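Below: upload-v8.txt (compact mmCIF, C-alpha atoms and all ligand atoms)
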# COMPACT_ATOMS: atom_id res chain seq x y z
CA MET S 1 -58.50 171.96 -69.43
CA THR S 2 -61.47 174.14 -70.37
CA ASP S 3 -61.04 177.86 -70.11
CA PRO S 4 -63.49 178.60 -67.29
CA THR S 5 -63.62 182.31 -68.01
CA SER S 6 -64.86 181.66 -71.57
CA SER S 7 -68.16 180.22 -70.28
CA PRO S 8 -71.03 182.69 -70.73
CA ALA S 9 -72.65 181.64 -67.45
CA PRO S 10 -70.23 180.38 -64.83
CA MET S 11 -71.49 177.15 -63.31
CA LEU S 12 -70.19 178.26 -59.91
CA PHE S 13 -73.04 180.77 -59.83
CA GLU S 14 -75.76 178.58 -61.29
CA PRO S 15 -78.42 177.82 -58.67
CA LEU S 16 -78.70 174.16 -57.68
CA THR S 17 -81.99 172.60 -56.65
CA LEU S 18 -81.67 169.68 -54.27
CA ARG S 19 -85.04 168.09 -53.56
CA GLY S 20 -87.22 171.01 -52.44
CA VAL S 21 -84.52 173.56 -51.70
CA THR S 22 -82.42 175.71 -54.00
CA ALA S 23 -78.92 176.97 -53.29
CA ARG S 24 -78.31 180.33 -55.00
CA ASN S 25 -74.88 179.12 -56.17
CA ARG S 26 -72.50 176.16 -55.82
CA ILE S 27 -70.32 177.67 -53.09
CA VAL S 28 -70.51 175.85 -49.76
CA VAL S 29 -69.03 176.89 -46.43
CA SER S 30 -67.38 173.67 -45.27
CA PRO S 31 -68.02 172.64 -41.65
CA MET S 32 -65.59 174.29 -39.24
CA CYS S 33 -65.45 173.50 -35.50
CA GLN S 34 -65.16 176.60 -33.36
CA TYR S 35 -64.75 175.09 -29.87
CA VAL S 36 -66.74 177.86 -28.20
CA SER S 37 -70.12 176.19 -27.65
CA VAL S 38 -71.52 176.10 -24.15
CA ASP S 39 -72.80 172.61 -23.29
CA GLY S 40 -73.25 172.09 -27.03
CA GLY S 41 -75.34 175.21 -27.61
CA PRO S 42 -74.43 177.99 -30.06
CA SER S 43 -73.88 181.60 -29.05
CA ASP S 44 -73.52 185.05 -30.61
CA TRP S 45 -70.12 183.83 -31.84
CA HIS S 46 -71.88 181.43 -34.20
CA LEU S 47 -74.38 184.06 -35.35
CA VAL S 48 -71.54 186.39 -36.35
CA HIS S 49 -69.16 183.68 -37.62
CA LEU S 50 -71.79 182.01 -39.84
CA GLY S 51 -73.69 185.20 -40.55
CA LYS S 52 -70.77 186.82 -42.30
CA PHE S 53 -70.50 183.90 -44.74
CA ALA S 54 -74.19 184.27 -45.60
CA MET S 55 -73.74 188.03 -46.02
CA GLY S 56 -70.69 187.28 -48.19
CA GLY S 57 -72.73 185.35 -50.77
CA ALA S 58 -72.20 181.62 -50.12
CA GLY S 59 -74.98 179.32 -51.31
CA ILE S 60 -74.91 176.83 -48.42
CA VAL S 61 -73.51 177.62 -44.97
CA PHE S 62 -72.56 174.65 -42.82
CA GLY S 63 -72.07 175.08 -39.12
CA GLU S 64 -69.57 172.83 -37.43
CA GLU S 65 -69.71 169.13 -36.61
CA THR S 66 -72.61 168.97 -34.16
CA SER S 67 -72.82 166.05 -31.82
CA VAL S 68 -75.95 163.97 -31.53
CA GLU S 69 -75.25 163.31 -27.84
CA ARG S 70 -73.26 165.02 -25.07
CA ARG S 71 -70.54 162.36 -24.84
CA GLY S 72 -70.11 162.41 -28.63
CA ARG S 73 -68.36 165.78 -28.44
CA LYS S 74 -64.57 165.89 -28.79
CA THR S 75 -64.09 168.77 -26.36
CA TYR S 76 -66.15 170.72 -23.87
CA GLY S 77 -66.45 173.49 -26.47
CA CYS S 78 -67.80 171.30 -29.29
CA ALA S 79 -71.27 171.85 -30.67
CA GLY S 80 -74.22 169.57 -30.02
CA ILE S 81 -77.93 169.32 -30.64
CA TYR S 82 -78.92 166.99 -27.83
CA GLU S 83 -81.05 169.31 -25.66
CA PRO S 84 -84.46 170.78 -26.52
CA HIS S 85 -83.18 174.28 -25.66
CA HIS S 86 -80.58 174.00 -28.43
CA VAL S 87 -83.38 174.19 -31.01
CA PRO S 88 -84.38 177.87 -30.61
CA ALA S 89 -80.70 178.86 -30.32
CA TYR S 90 -79.91 177.34 -33.72
CA ARG S 91 -83.18 178.61 -35.19
CA ARG S 92 -82.22 182.21 -34.46
CA ILE S 93 -79.01 181.78 -36.46
CA ASN S 94 -80.72 179.87 -39.27
CA GLU S 95 -83.34 182.56 -39.73
CA PHE S 96 -80.57 185.10 -40.17
CA LEU S 97 -78.71 182.94 -42.70
CA LEU S 98 -81.92 182.47 -44.70
CA SER S 99 -82.65 186.19 -44.57
CA GLN S 100 -79.26 186.71 -46.28
CA GLY S 101 -80.03 184.23 -49.07
CA ALA S 102 -77.99 181.25 -47.82
CA LEU S 103 -79.21 177.76 -46.94
CA PRO S 104 -78.39 176.87 -43.32
CA ALA S 105 -76.83 173.41 -43.04
CA ILE S 106 -75.96 171.15 -40.13
CA GLN S 107 -73.30 168.47 -39.98
CA LEU S 108 -74.37 165.83 -37.46
CA GLY S 109 -71.63 163.72 -35.95
CA HIS S 110 -70.30 161.64 -33.09
CA SER S 111 -66.63 161.60 -32.14
CA GLY S 112 -66.66 158.01 -30.86
CA ARG S 113 -63.22 157.22 -29.43
CA LYS S 114 -61.98 160.72 -30.25
CA ALA S 115 -63.93 162.14 -27.30
CA SER S 116 -62.61 163.82 -24.18
CA CYS S 117 -59.79 166.06 -25.32
CA GLN S 118 -58.60 169.64 -25.56
CA PRO S 119 -58.93 171.66 -28.81
CA PRO S 120 -56.62 171.17 -31.83
CA TRP S 121 -54.17 173.90 -30.86
CA THR S 122 -53.14 171.61 -27.93
CA GLY S 123 -52.75 168.71 -30.39
CA PHE S 124 -56.11 167.31 -29.18
CA ARG S 125 -54.46 166.45 -25.85
CA PRO S 126 -56.62 163.96 -23.92
CA LEU S 127 -58.23 165.49 -20.82
CA ASN S 128 -56.21 164.68 -17.71
CA GLU S 129 -56.33 165.17 -13.94
CA GLU S 130 -55.41 168.85 -14.20
CA ASP S 131 -58.42 169.40 -16.43
CA ALA S 132 -60.57 167.48 -13.91
CA ALA S 133 -59.30 169.74 -11.11
CA ARG S 134 -60.41 172.74 -13.21
CA GLY S 135 -63.90 171.25 -13.49
CA GLN S 136 -63.47 169.49 -16.84
CA PRO S 137 -63.16 165.78 -16.09
CA GLY S 138 -62.49 163.40 -18.95
CA TRP S 139 -65.11 160.93 -20.09
CA GLN S 140 -65.15 157.59 -21.84
CA GLY S 141 -65.87 157.63 -25.56
CA LEU S 142 -67.62 154.91 -27.52
CA ALA S 143 -66.05 152.81 -30.28
CA PRO S 144 -66.45 149.66 -32.32
CA SER S 145 -63.45 148.19 -30.49
CA PRO S 146 -61.68 149.20 -27.26
CA ILE S 147 -58.68 150.83 -28.98
CA PRO S 148 -57.69 154.26 -27.62
CA THR S 149 -56.40 157.04 -29.88
CA SER S 150 -53.16 157.23 -27.85
CA GLU S 151 -51.63 155.84 -24.68
CA ALA S 152 -52.76 158.92 -22.75
CA ALA S 153 -56.39 158.60 -23.88
CA ILE S 154 -59.16 156.79 -22.00
CA VAL S 155 -59.85 153.35 -23.51
CA PRO S 156 -63.22 153.70 -25.27
CA HIS S 157 -66.22 151.57 -24.42
CA GLU S 158 -66.80 148.82 -26.98
CA MET S 159 -70.37 149.29 -28.16
CA ASP S 160 -72.80 146.43 -27.70
CA ARG S 161 -76.16 145.98 -29.46
CA ASP S 162 -77.98 148.10 -26.84
CA ASP S 163 -75.43 150.90 -27.31
CA ILE S 164 -76.00 150.72 -31.08
CA GLN S 165 -79.77 150.97 -30.66
CA ALA S 166 -79.32 153.94 -28.29
CA MET S 167 -76.94 155.52 -30.81
CA LEU S 168 -79.50 155.24 -33.62
CA GLU S 169 -82.10 156.83 -31.37
CA ALA S 170 -79.71 159.72 -30.60
CA TRP S 171 -79.24 160.32 -34.36
CA ARG S 172 -83.00 160.18 -34.89
CA GLU S 173 -83.69 162.75 -32.17
CA ALA S 174 -80.87 165.03 -33.34
CA THR S 175 -82.26 164.92 -36.88
CA LEU S 176 -85.76 165.82 -35.70
CA ARG S 177 -84.31 168.72 -33.69
CA SER S 178 -82.31 169.86 -36.75
CA ALA S 179 -85.48 170.01 -38.84
CA GLU S 180 -87.29 171.85 -36.05
CA ALA S 181 -84.42 174.34 -35.84
CA GLY S 182 -84.89 175.26 -39.50
CA PHE S 183 -81.83 173.72 -41.09
CA GLU S 184 -82.36 173.18 -44.83
CA VAL S 185 -79.51 170.73 -45.44
CA CYS S 186 -78.30 167.91 -43.19
CA GLU S 187 -74.99 166.10 -43.46
CA VAL S 188 -73.94 162.89 -41.73
CA HIS S 189 -70.28 163.16 -40.71
CA GLY S 190 -68.85 159.82 -41.73
CA ALA S 191 -65.27 161.05 -42.09
CA HIS S 192 -62.13 162.19 -40.24
CA GLY S 193 -61.79 159.19 -37.97
CA TYR S 194 -64.95 159.82 -35.95
CA LEU S 195 -67.42 157.15 -34.88
CA ILE S 196 -68.81 156.20 -38.29
CA GLN S 197 -65.38 155.96 -39.88
CA GLN S 198 -64.13 154.04 -36.83
CA PHE S 199 -66.68 151.38 -37.81
CA LEU S 200 -65.82 151.59 -41.51
CA SER S 201 -62.08 151.20 -41.14
CA PRO S 202 -60.48 147.86 -40.28
CA ILE S 203 -57.79 149.85 -38.43
CA THR S 204 -60.29 150.66 -35.67
CA ASN S 205 -63.01 148.03 -36.17
CA LYS S 206 -61.89 144.61 -34.90
CA ARG S 207 -65.41 143.32 -34.19
CA THR S 208 -66.43 139.79 -34.93
CA ASP S 209 -70.22 140.40 -34.86
CA GLY S 210 -72.44 141.70 -37.69
CA TYR S 211 -71.01 145.25 -37.33
CA GLY S 212 -67.45 144.22 -38.17
CA GLY S 213 -65.47 141.83 -40.30
CA ASP S 214 -65.95 142.25 -44.03
CA ARG S 215 -66.78 145.54 -45.73
CA ALA S 216 -70.53 144.93 -45.56
CA GLY S 217 -70.30 144.38 -41.80
CA ARG S 218 -68.15 147.47 -41.25
CA MET S 219 -70.54 149.58 -43.38
CA ARG S 220 -73.59 148.43 -41.43
CA LEU S 221 -73.62 151.15 -38.76
CA ALA S 222 -73.03 153.89 -41.37
CA LEU S 223 -75.99 152.63 -43.38
CA GLU S 224 -78.26 152.19 -40.36
CA ILE S 225 -77.47 155.74 -39.24
CA THR S 226 -78.17 156.98 -42.78
CA GLU S 227 -81.51 155.16 -42.89
CA THR S 228 -82.42 156.56 -39.48
CA VAL S 229 -81.51 160.11 -40.44
CA ARG S 230 -83.21 159.93 -43.85
CA ALA S 231 -86.42 158.65 -42.23
CA ALA S 232 -86.44 161.50 -39.69
CA TRP S 233 -85.28 164.24 -42.10
CA PRO S 234 -88.02 165.83 -44.25
CA ASP S 235 -88.37 164.26 -47.70
CA ASP S 236 -88.09 167.63 -49.40
CA LYS S 237 -84.73 168.47 -47.81
CA PRO S 238 -81.38 167.12 -49.04
CA LEU S 239 -79.10 164.79 -47.13
CA PHE S 240 -75.32 164.89 -47.56
CA PHE S 241 -72.78 162.36 -46.26
CA ARG S 242 -69.13 163.29 -45.68
CA VAL S 243 -66.69 160.48 -46.36
CA SER S 244 -63.01 160.08 -45.78
CA ALA S 245 -62.43 158.63 -49.22
CA VAL S 246 -59.25 156.98 -47.94
CA ASP S 247 -57.95 156.33 -44.40
CA GLY S 248 -55.32 158.60 -42.90
CA LYS S 249 -52.55 156.17 -43.64
CA GLY S 250 -54.08 154.89 -46.84
CA GLY S 251 -54.65 151.35 -48.00
CA HIS S 252 -57.08 150.06 -45.37
CA TRP S 253 -60.17 151.93 -46.52
CA ASP S 254 -59.68 152.85 -50.14
CA ILE S 255 -61.51 154.72 -52.86
CA GLU S 256 -63.09 151.43 -54.09
CA ASP S 257 -64.61 151.02 -50.63
CA THR S 258 -65.89 154.61 -50.78
CA VAL S 259 -67.49 154.01 -54.17
CA ALA S 260 -69.22 150.87 -52.80
CA LEU S 261 -70.38 152.83 -49.75
CA SER S 262 -71.60 155.71 -51.92
CA LYS S 263 -73.78 153.36 -54.01
CA GLU S 264 -75.40 152.11 -50.80
CA LEU S 265 -75.84 155.67 -49.54
CA LYS S 266 -77.51 156.66 -52.81
CA ALA S 267 -79.91 153.73 -52.51
CA ARG S 268 -80.85 155.04 -49.05
CA GLY S 269 -81.67 158.57 -50.21
CA VAL S 270 -78.39 160.42 -49.77
CA ASP S 271 -78.23 163.25 -52.31
CA VAL S 272 -74.61 164.39 -52.14
CA VAL S 273 -71.38 162.65 -51.09
CA ASP S 274 -68.96 165.19 -49.65
CA CYS S 275 -65.46 163.89 -50.39
CA SER S 276 -62.80 164.46 -47.75
CA SER S 277 -60.07 162.08 -46.56
CA GLY S 278 -58.00 160.87 -43.63
CA GLY S 279 -58.28 161.11 -39.89
CA ILE S 280 -58.43 157.57 -38.67
CA ASN S 281 -55.13 157.87 -36.81
CA GLY S 282 -55.73 161.35 -35.50
CA PRO S 283 -56.15 164.68 -37.24
CA LEU S 284 -52.46 165.52 -36.98
CA ASN S 285 -51.62 162.37 -38.91
CA MET S 286 -53.82 163.08 -41.91
CA ALA S 287 -51.15 164.05 -44.40
CA ILE S 288 -51.13 160.92 -46.53
CA VAL S 289 -52.89 162.65 -49.42
CA LYS S 290 -50.38 165.19 -50.72
CA ARG S 291 -51.65 168.69 -49.98
CA VAL S 292 -51.67 170.15 -53.46
CA PRO S 293 -54.44 172.50 -54.70
CA GLY S 294 -57.67 170.52 -55.04
CA TYR S 295 -56.05 167.46 -53.44
CA GLN S 296 -59.36 165.68 -52.84
CA VAL S 297 -61.04 166.54 -56.14
CA PRO S 298 -60.04 163.18 -57.72
CA PHE S 299 -62.07 161.43 -54.99
CA ALA S 300 -65.14 163.57 -55.76
CA GLU S 301 -64.72 162.82 -59.46
CA THR S 302 -64.40 159.05 -58.96
CA VAL S 303 -67.41 158.86 -56.64
CA LYS S 304 -69.51 161.02 -58.99
CA LYS S 305 -68.65 158.92 -62.01
CA GLU S 306 -68.62 155.44 -60.49
CA ALA S 307 -71.44 155.71 -57.95
CA GLY S 308 -73.59 158.04 -60.07
CA ILE S 309 -74.26 160.48 -57.26
CA MET S 310 -73.70 164.21 -56.86
CA THR S 311 -70.50 165.12 -55.05
CA GLN S 312 -69.04 168.01 -53.15
CA ALA S 313 -65.34 168.75 -53.63
CA VAL S 314 -63.28 170.22 -50.80
CA GLY S 315 -59.65 170.82 -49.92
CA LEU S 316 -57.39 173.68 -51.01
CA ILE S 317 -59.82 175.13 -53.49
CA THR S 318 -59.03 178.81 -53.37
CA GLU S 319 -59.39 180.29 -56.86
CA ALA S 320 -62.55 181.01 -58.83
CA ALA S 321 -61.12 179.56 -62.06
CA GLN S 322 -60.09 176.40 -60.21
CA ALA S 323 -63.59 175.98 -58.72
CA GLU S 324 -65.24 176.70 -62.06
CA ALA S 325 -63.04 174.17 -63.88
CA ILE S 326 -63.95 171.42 -61.37
CA LEU S 327 -67.63 172.01 -62.14
CA GLN S 328 -67.20 172.47 -65.90
CA GLU S 329 -65.19 169.28 -66.15
CA GLY S 330 -67.92 167.33 -64.33
CA LYS S 331 -65.76 166.41 -61.34
CA ALA S 332 -68.17 167.65 -58.67
CA ASP S 333 -71.48 169.48 -58.26
CA LEU S 334 -70.66 171.66 -55.28
CA ILE S 335 -67.49 173.41 -54.14
CA ALA S 336 -66.77 173.65 -50.43
CA LEU S 337 -64.21 175.98 -48.91
CA ALA S 338 -63.07 176.28 -45.32
CA ARG S 339 -59.83 178.17 -44.62
CA GLU S 340 -60.06 180.52 -47.60
CA LEU S 341 -63.40 181.74 -46.28
CA LEU S 342 -61.85 182.37 -42.87
CA LEU S 343 -59.48 184.69 -44.68
CA ASP S 344 -62.15 186.28 -46.84
CA PRO S 345 -65.81 185.62 -45.98
CA ASN S 346 -66.73 187.64 -49.10
CA TRP S 347 -64.80 185.20 -51.33
CA PRO S 348 -67.96 184.50 -53.42
CA VAL S 349 -68.02 188.18 -54.46
CA LYS S 350 -64.40 188.04 -55.52
CA ALA S 351 -65.00 184.75 -57.33
CA ALA S 352 -68.00 186.15 -59.20
CA ARG S 353 -65.98 189.16 -60.34
CA ASP S 354 -63.07 186.95 -61.36
CA LEU S 355 -65.53 185.01 -63.54
CA GLY S 356 -66.85 188.13 -65.17
CA LEU S 357 -70.02 188.65 -63.13
CA ASP S 358 -71.06 191.70 -61.17
CA GLY S 359 -70.61 189.98 -57.80
CA LEU S 360 -71.66 192.99 -55.74
CA SER S 361 -75.28 191.89 -55.94
CA LEU S 362 -74.38 188.98 -53.66
CA LEU S 363 -73.84 191.47 -50.86
CA PRO S 364 -76.59 193.11 -48.80
CA ASP S 365 -78.03 196.24 -50.49
CA SER S 366 -76.56 198.42 -47.77
CA TYR S 367 -73.10 197.35 -48.91
CA SER S 368 -73.56 196.83 -52.63
CA TRP S 369 -75.14 200.20 -53.40
CA TRP S 370 -72.17 202.04 -51.93
CA LEU S 371 -69.62 199.83 -53.59
CA ALA S 372 -71.31 200.10 -56.99
CA ARG S 373 -71.47 203.87 -56.59
CA ARG S 374 -67.80 204.01 -55.66
CA GLU S 375 -66.99 202.09 -58.84
CA GLN S 376 -69.07 204.45 -60.97
CA ILE S 377 -67.32 207.45 -59.45
CA ARG S 378 -63.94 205.84 -59.96
CA ALA S 379 -64.76 205.04 -63.60
CA MET S 380 -65.98 208.59 -64.17
CA SER S 381 -62.81 210.12 -62.74
CA ILE S 382 -60.64 207.81 -64.84
CA ASN S 383 -62.59 208.81 -67.96
CA ARG S 384 -62.28 212.47 -67.05
CA ALA S 385 -58.53 212.13 -66.51
CA ALA S 386 -58.26 210.47 -69.92
CA GLU S 387 -60.12 213.30 -71.71
C1 LIG U 401 -61.13 175.57 -38.27
C2 LIG U 401 -61.52 174.31 -38.97
C3 LIG U 401 -62.46 173.47 -38.39
C4 LIG U 401 -62.90 172.31 -39.08
N1 LIG U 401 -63.93 171.58 -38.56
C5 LIG U 401 -64.48 170.59 -39.30
C6 LIG U 401 -65.69 169.98 -38.90
O1 LIG U 401 -66.32 170.34 -37.91
N2 LIG U 401 -66.17 168.97 -39.69
C7 LIG U 401 -65.54 168.57 -40.83
O2 LIG U 401 -66.01 167.66 -41.50
N3 LIG U 401 -64.42 169.18 -41.24
C8 LIG U 401 -63.90 170.18 -40.52
N4 LIG U 401 -62.81 170.86 -41.00
C9 LIG U 401 -62.29 170.51 -42.34
C10 LIG U 401 -62.88 171.45 -43.39
O3 LIG U 401 -64.29 171.32 -43.47
C11 LIG U 401 -62.27 171.21 -44.78
O4 LIG U 401 -62.65 169.92 -45.21
C12 LIG U 401 -60.75 171.30 -44.78
O5 LIG U 401 -60.31 172.43 -44.04
C13 LIG U 401 -60.19 171.40 -46.22
O6 LIG U 401 -60.74 172.52 -46.88
P1 LIG U 401 -59.92 173.92 -47.07
O7 LIG U 401 -58.65 173.58 -47.76
O8 LIG U 401 -60.84 174.77 -47.93
O9 LIG U 401 -59.69 174.51 -45.72
C14 LIG U 401 -62.33 171.98 -40.32
C15 LIG U 401 -61.34 172.81 -40.87
C16 LIG U 401 -60.95 173.97 -40.22
C17 LIG U 401 -59.93 174.86 -40.87
Could I get this file's structure written as structure tokens?
Ligand SMILES: Cc1cc2nc3c(=O)[nH]c(=O)nc-3n(C[C@H](O)[C@H](O)[C@H](O)COP(=O)(O)O)c2cc1C
Amino acid sequence: MTDPTSSPAPMLFEPLTLRGVTARNRIVVSPMCQYVSVDGGPSDWHLVHLGKFAMGGAGIVFGEETSVERRGRKTYGCAGIYEPHHVPAYRRINEFLLSQGALPAIQLGHSGRKASCQPPWTGFRPLNEEDAARGQPGWQGLAPSPIPTSEAAIVPHEMDRDDIQAMLEAWREATLRSAEAGFEVCEVHGAHGYLIQQFLSPITNKRTDGYGGDRAGRMRLALEITETVRAAWPDDKPLFFRVSAVDGKGGHWDIEDTVALSKELKARGVDVVDCSSGGINGPLNMAIVKRVPGYQVPFAETVKKEAGIMTQAVGLITEAAQAEAILQEGKADLIALARELLLDPNWPVKAARDLGLDGLSLLPDSYSWWLARREQIRAMSINRAAE
């Protein structure tokens, strides 16, 4: 392994230009659902939650999975971008993120059969009659095949050709709204057992028409959505695609399938494949890939090398040296963090200092000046004590 600290210029802090936009460094805030949206729209919560990551020095700040249509949300609190009035609400946040030097990014998604439930801390319990009595009735999700996520869940509607056309239109409109709202990066959420992965995986796709069957058939919706999004998303802005490199239980959708998909995505103008895993049997069943530090980095490395496309690594990356080594060893181009940033939104500052950089300059002037001054004073008093 290379010694990351011996590099004169840490790659983690090298800017990265993707089409017409430049991230100030390779640190990405991974998408994180908050479950506090109101009919899909963001609030002050999102301004503060995302704003602190931008103030803390991240290069790209993703908001959470944002549904392209109302019924594509998982819960009543999930984010969406399906109403015109959502646009100015997101724009306000995006302008703040940009003012702090970060690129605002949106992850567009559709939960498919994983719709109509309570948040994760209830185990994604399907909405029931008690919820309906409290004004939150359940609703029917959409899916490639009418297979519910559990016995308690509503059987999803099996999509027909008209539903697929309407779905593509929803993605197109959501993409146009995302551009209008000032997002600089767009990601298609093709992972974690949501609609796109439900089509990809033979566990959930039992169709016999052109959208099922062999791998090419199961990939068709993912590729049509990608083409639709790329056509609606400005040419000078990058498009990411998040994959579950392997299914939750492994073996049905494998890394070879992901490499094949990634080649097709590249041909359709995707710039970065964001390599996650699991989820097809429910988020609480995702533990097939052993949760060791950097557990999904091998997927990012394989996709990068075999599909010849930039990748984003994610999953238990918590140390600067670890992140730097992934980049130095050519395993990925971007490093995404989720939970570590919840713990420390200023993690990029710490990482920069761990790699021998100043770091404080990533912070707003009104923080960094005071912190630099405190360090000077501290150094002076240590010197004085040593005299
Ligand atoms: C609170 C929370 C919400 C999440 N929401 C999403 C999401 O909306 N979309 C997504 O693709 N992944 C989501 N994830 C997964 C993360 O983006 C990330 O892939 C995962 O947590 C592994 O990275 P980590 O070890 O740095 O936390 C979420 C994770 C957390 C902790």
For this session: Just the residues within 8 Å of segment 204-215 of chain S, please, counting all atoms listed in the file, with nothing from its chain fewer than 4 positions along; format it as a ChimeraX atom specification.
Result: /S:144-145,147,198-200,219-221,257,280
Exercise. Could you name the residues that touch Gly141 of chain S at 10 Å or less, counting only C-alpha atoms, but leaving out those on the same chain fewer than 3 positions away, as a PyMOL selection string?
Worked result: chain S and resi 71-74+110-116+138+146+148+153-159+195
Output file for the residues above (C-alpha atoms, as a compact mmCIF listing (two decimals), keeping the file's coordinate frame):
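Final file, result_39.txt:
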# COMPACT_ATOMS: atom_id res chain seq x y z
CA ARG S 71 -70.54 162.36 -24.84
CA GLY S 72 -70.11 162.41 -28.63
CA ARG S 73 -68.36 165.78 -28.44
CA LYS S 74 -64.57 165.89 -28.79
CA HIS S 110 -70.30 161.64 -33.09
CA SER S 111 -66.63 161.60 -32.14
CA GLY S 112 -66.66 158.01 -30.86
CA ARG S 113 -63.22 157.22 -29.43
CA LYS S 114 -61.98 160.72 -30.25
CA ALA S 115 -63.93 162.14 -27.30
CA SER S 116 -62.61 163.82 -24.18
CA GLY S 138 -62.49 163.40 -18.95
CA PRO S 146 -61.68 149.20 -27.26
CA PRO S 148 -57.69 154.26 -27.62
CA ALA S 153 -56.39 158.60 -23.88
CA ILE S 154 -59.16 156.79 -22.00
CA VAL S 155 -59.85 153.35 -23.51
CA PRO S 156 -63.22 153.70 -25.27
CA HIS S 157 -66.22 151.57 -24.42
CA GLU S 158 -66.80 148.82 -26.98
CA MET S 159 -70.37 149.29 -28.16
CA LEU S 195 -67.42 157.15 -34.88
Exercise. Residues at most 9 Å from Lys305 of chain S, counting all atoms listed in the file, excluding those fewer than 5 positions away in the same chain, as a PyMOL selection string?
Worked result: chain S and resi 300+310+330-331
Problem set entry | Counting only C-alpha atoms, the option among S:Gly356, S:Gly80, S:Gly123, S:Pro298 closest to Ser150 of chain S |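 Checking each of S:Gly356, S:Gly80, S:Gly123, S:Pro298 against Ser150 of chain S, counting only C-alpha atoms, the winner is S:Gly123.
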Problem set entry | Pick from S:Gly278, S:Pro126, S:Leu343, S:Leu16 nearest to Trp253 of chain S, counting all atoms listed in the file | S:Gly278
Problem set entry | Counting only C-alpha atoms and all ligand atoms, the option among S:Arg339, S:Arg268, S:His46, S:Arg24 closest to ligand LIG 401 (chain U) |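 Ranked by minimum distance to ligand LIG 401 (chain U), first place goes to S:Arg339.
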Exercise. With only C-alpha atoms and all ligand atoms as the basis for distance, which of S:Lys52, S:Arg70, S:Arg161, S:His192 is at the shortest distance from ligand LIG 401 (chain U)?
Worked result: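 Between S:Lys52, S:Arg70, S:Arg161, S:His192, the residue approaching ligand LIG 401 (chain U) most closely is S:His192.
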Problem set entry | Residue neighbourhood Ser277 of chain S, 7 Å, only C-alpha atoms, exclusion window fewer than 6 positions, as a list in words | Ala191, His192, Val243, Ser244, Ala245, Val246, Asp247 and Gly248 of chain S
Would you write out, as CSV, a table of all residues in chain S that have an atom no more than 10 Å from an atom of ligand LIG 401 (chain U), listing for each the closest atom pair and the distance in Å to one decimal, considering all atoms listed in the file and ordering rows by chain and rising residue number?
residue,atom,partner,partner_atom,distance
S:Val28,CA,U:LIG401,O8,9.9
S:Val29,CA,U:LIG401,O3,7.9
S:Ser30,CA,U:LIG401,O3,4.3
S:Pro31,CA,U:LIG401,O3,4.4
S:Met32,CA,U:LIG401,N1,3.2
S:Cys33,CA,U:LIG401,N1,3.9
S:Gln34,CA,U:LIG401,C1,6.4
S:Tyr35,CA,U:LIG401,C3,9.0
S:Phe62,CA,U:LIG401,O3,8.9
S:Gly63,CA,U:LIG401,O1,7.5
S:Glu64,CA,U:LIG401,O1,4.1
S:Glu65,CA,U:LIG401,O1,3.8
S:Thr66,CA,U:LIG401,O1,7.5
S:Ser67,CA,U:LIG401,O1,9.9
S:Cys78,CA,U:LIG401,O1,8.8
S:Ala79,CA,U:LIG401,O1,8.9
S:Ile106,CA,U:LIG401,O1,9.9
S:Gln107,CA,U:LIG401,N2,7.2
S:Leu108,CA,U:LIG401,N2,9.1
S:Gly109,CA,U:LIG401,N2,8.4
S:Pro120,CA,U:LIG401,C1,9.0
S:Glu187,CA,U:LIG401,O2,9.3
S:Val188,CA,U:LIG401,O2,9.3
S:His189,CA,U:LIG401,O2,6.3
S:Gly190,CA,U:LIG401,O2,8.3
S:Ala191,CA,U:LIG401,O2,6.7
S:His192,CA,U:LIG401,O2,6.8
S:Tyr194,CA,U:LIG401,O2,9.7
S:Phe241,CA,U:LIG401,O2,9.8
S:Arg242,CA,U:LIG401,O2,6.8
S:Val243,CA,U:LIG401,O2,8.7
S:Ser244,CA,U:LIG401,O2,9.2
S:Asp274,CA,U:LIG401,O2,9.0
S:Cys275,CA,U:LIG401,O4,8.4
S:Ser276,CA,U:LIG401,O4,6.0
S:Ser277,CA,U:LIG401,O4,8.4
S:Pro283,CA,U:LIG401,N4,9.8
S:Arg291,CA,U:LIG401,O7,8.8
S:Val292,CA,U:LIG401,O7,9.6
S:Pro293,CA,U:LIG401,O7,8.2
S:Gly294,CA,U:LIG401,O7,8.0
S:Tyr295,CA,U:LIG401,O7,8.7
S:Gln296,CA,U:LIG401,C13,8.8
S:Ala313,CA,U:LIG401,O4,8.9
S:Val314,CA,U:LIG401,O6,5.2
S:Gly315,CA,U:LIG401,O7,3.6
S:Leu316,CA,U:LIG401,O7,3.5
S:Ile317,CA,U:LIG401,O8,5.7
S:Thr318,CA,U:LIG401,O8,7.0
S:Ile335,CA,U:LIG401,O8,9.2
S:Ala336,CA,U:LIG401,O8,6.5
S:Leu337,CA,U:LIG401,O8,3.7
S:Ala338,CA,U:LIG401,O8,3.8
S:Arg339,CA,U:LIG401,O9,3.8
S:Glu340,CA,U:LIG401,O8,5.8
S:Leu341,CA,U:LIG401,O8,7.6
S:Leu342,CA,U:LIG401,C17,8.0
For this session: Would you work out the distance separating atom CA of Val61 of chain S from atom CA of Ile93 of chain S, expressed in Å to one decimal?
Result: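 Taking atom CA of Val61 of chain S as the start and atom CA of Ile93 of chain S as the end point, the length is 11.0 Å.
Minimum atom-to-atom distance to Ala181 of chain S, evaluated using only C-alpha atoms, belongs to S:Glu95 out of S:Glu329, S:Glu224, S:Glu130, S:Glu95.
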Exercise. Restricting the calculation to all atoms listed in the file, which member of S:Leu265, S:Ala58, S:Leu12, S:Leu142 is positioned closest to Asp160 of chain S?
Worked result: S:Leu142
